[in-house]
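One structure is given below, encoded as structure tokens.
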Amino acid sequence: MASTSLSPVMAIENLEFTTKPNWLELPRDIAINILQRLPTLEIVTSASVVCPLWWNIFKDPFMWSTIDMLTGITIDAITELTQRVSYFGYLSKLEKICRYAVDRSRGHLKNLYILKFATDDLLSTIAKSESNLRCIRLKECYEISNEAFCEVVKKQPFLEELDIYHCYDLGRSFFEYIGQCCPHMKSLKFFPCEKGDDKCDNVAFAIGKTMTELCHLMIFHNELSNDGLLAIIDGCPLLESLDL
């Protein structure tokens, strides 16, 4: 019985304890692979200032090819932070961080994800950055206009993915313009379509007319008729998924 009761103690004594891993000893390519997966807010406010090595890594414009200001910016986080600063003050800080990231990308920005804080002025900055965007995701950005967004899109001929959720009124002319400026559009998700009349069908006609390479389409809160649905199916022969 004695040997049995002592065996766990002896086992612990025989363990070899090692120190915590030194992240600075990681090969540079592995460190880059890990760091570029962080959301932009964490990169700007913490990761980039951890040490000189990481600061130098983030000097590379390609580390800023994705500006992700959706991940980590939750409603709970916003509620907690706005107890210390005003809501609009917090959004203003997020916008400044985004501008900083756009500047650091030096024209290499490929993916842009924004929650709440986008403005016409910010979109103007992005339009002037000479970036070749592949993906844009905007969520609950109520302070932007069709005109400002179209100014960005007309300079993005390689845009392939567009996700607009709860932002502003979207009509047929908007989607026609998107399709004409971005002939390689592969994925489109949007909300809302206003209820009533034939607005959703008009949007469907615009999509079928101008987005012939579309592979994935998701339309929230829609009232498509059979005519609108057929316009999409006939006009987008490469369509692989359709979520209504």
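Each chain in the structure tokens gets a letter, A, B and so on, in the order shown; residues start at 1 in every chain, and ligands are counted from 1 in the order they appear.
Within the 7 Å cut-off around region 200-204 of chain A, using only C-alpha atoms and omitting residues fewer than 3 positions from it on the same chain, the listed residues are Gly171, Arg172, Phe175, Cys193, Ile207, Gly208, Asn222, Glu223, Leu224, Ser225, Gly228, Leu229, Ala231 and Ile232 of chain A.
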Please return, as JSON, numbers by chain, all residues of region 18-243 of chain A that DSSP assigns to helix (DSSP H, G or I) on the basis of the backbone. {"A": [23, 24, 25, 28, 29, 30, 31, 32, 33, 34, 35, 40, 41, 42, 43, 44, 45, 47, 48, 49, 52, 53, 54, 55, 56, 57, 61, 62, 63, 64, 75, 76, 77, 78, 79, 80, 81, 87, 88, 89, 90, 91, 92, 93, 94, 95, 96, 97, 98, 99, 100, 101, 102, 103, 104, 105, 120, 121, 122, 123, 124, 125, 126, 127, 146, 147, 148, 149, 150, 151, 152, 153, 172, 173, 174, 175, 176, 177, 178, 179, 180, 181, 199, 200, 201, 202, 203, 204, 205, 206, 207, 208, 209, 210, 226, 227, 228, 229, 230, 231, 232, 233, 234, 235]}
Which residues come within 9 Å of Leu35 (chain A), counting only C-alpha atoms, excluding same-chain residues fewer than 5 positions away, as a count of residues only? 7
Find, counting only C-alpha atoms, the residue in A:Met69, A:Met218, A:Leu244, A:Ile32 that gets nearest to Val102 (chain A).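 Residue with the minimum atom-to-atom distance to Val102 (chain A): A:Met69.
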Identify, with DSSP run on backbone atoms, the residues in region 5-235 of chain A assigned to strand (DSSP E or B), and express the list as an MDAnalysis selection string. chainID A and resid 66:69 111:115 119 135:139 143 161:165 187:191 216:219
Counting only C-alpha atoms, which residues in region 130-157 of chain A sit no more than 9 Å from region 107-121 of chain A? For each one, give the nearest pair of atoms and the distance in Å, sorted by chain then residue number, as CSV.
```
residue,atom,partner,partner_atom,distance
A:Glu130,CA,A:Gly107,CA,5.0
A:Ser131,CA,A:Gly107,CA,4.2
A:Asn132,CA,A:Lys110,CA,5.9
A:Leu133,CA,A:Lys110,CA,4.2
A:Arg134,CA,A:Lys110,CA,5.2
A:Cys135,CA,A:Asn111,CA,4.7
A:Ile136,CA,A:Leu112,CA,4.9
A:Arg137,CA,A:Tyr113,CA,4.6
A:Leu138,CA,A:Ile114,CA,5.1
A:Lys139,CA,A:Leu115,CA,4.9
A:Glu140,CA,A:Lys116,CA,4.9
A:Cys141,CA,A:Lys116,CA,4.4
A:Tyr142,CA,A:Lys116,CA,7.1
A:Glu143,CA,A:Thr119,CA,5.2
A:Ile144,CA,A:Thr119,CA,5.0
A:Ser145,CA,A:Asp120,CA,6.6
A:Glu147,CA,A:Asp120,CA,8.5
A:Ala148,CA,A:Asp120,CA,5.4
A:Phe149,CA,A:Asp120,CA,7.5
```
Quote the spacing between CA of Leu94 (chain A) and CA of Pro61 (chain A) in Å to one decimal place. 19.8 Å
So that I can check the surroundings of Leu217 (chain A), please list as number ranges by chain every protein, DNA and RNA residue that reaches within 6 Å of it, counting only C-alpha atoms and ignoring chain neighbours fewer than 2 positions away. A: 187-189, 242
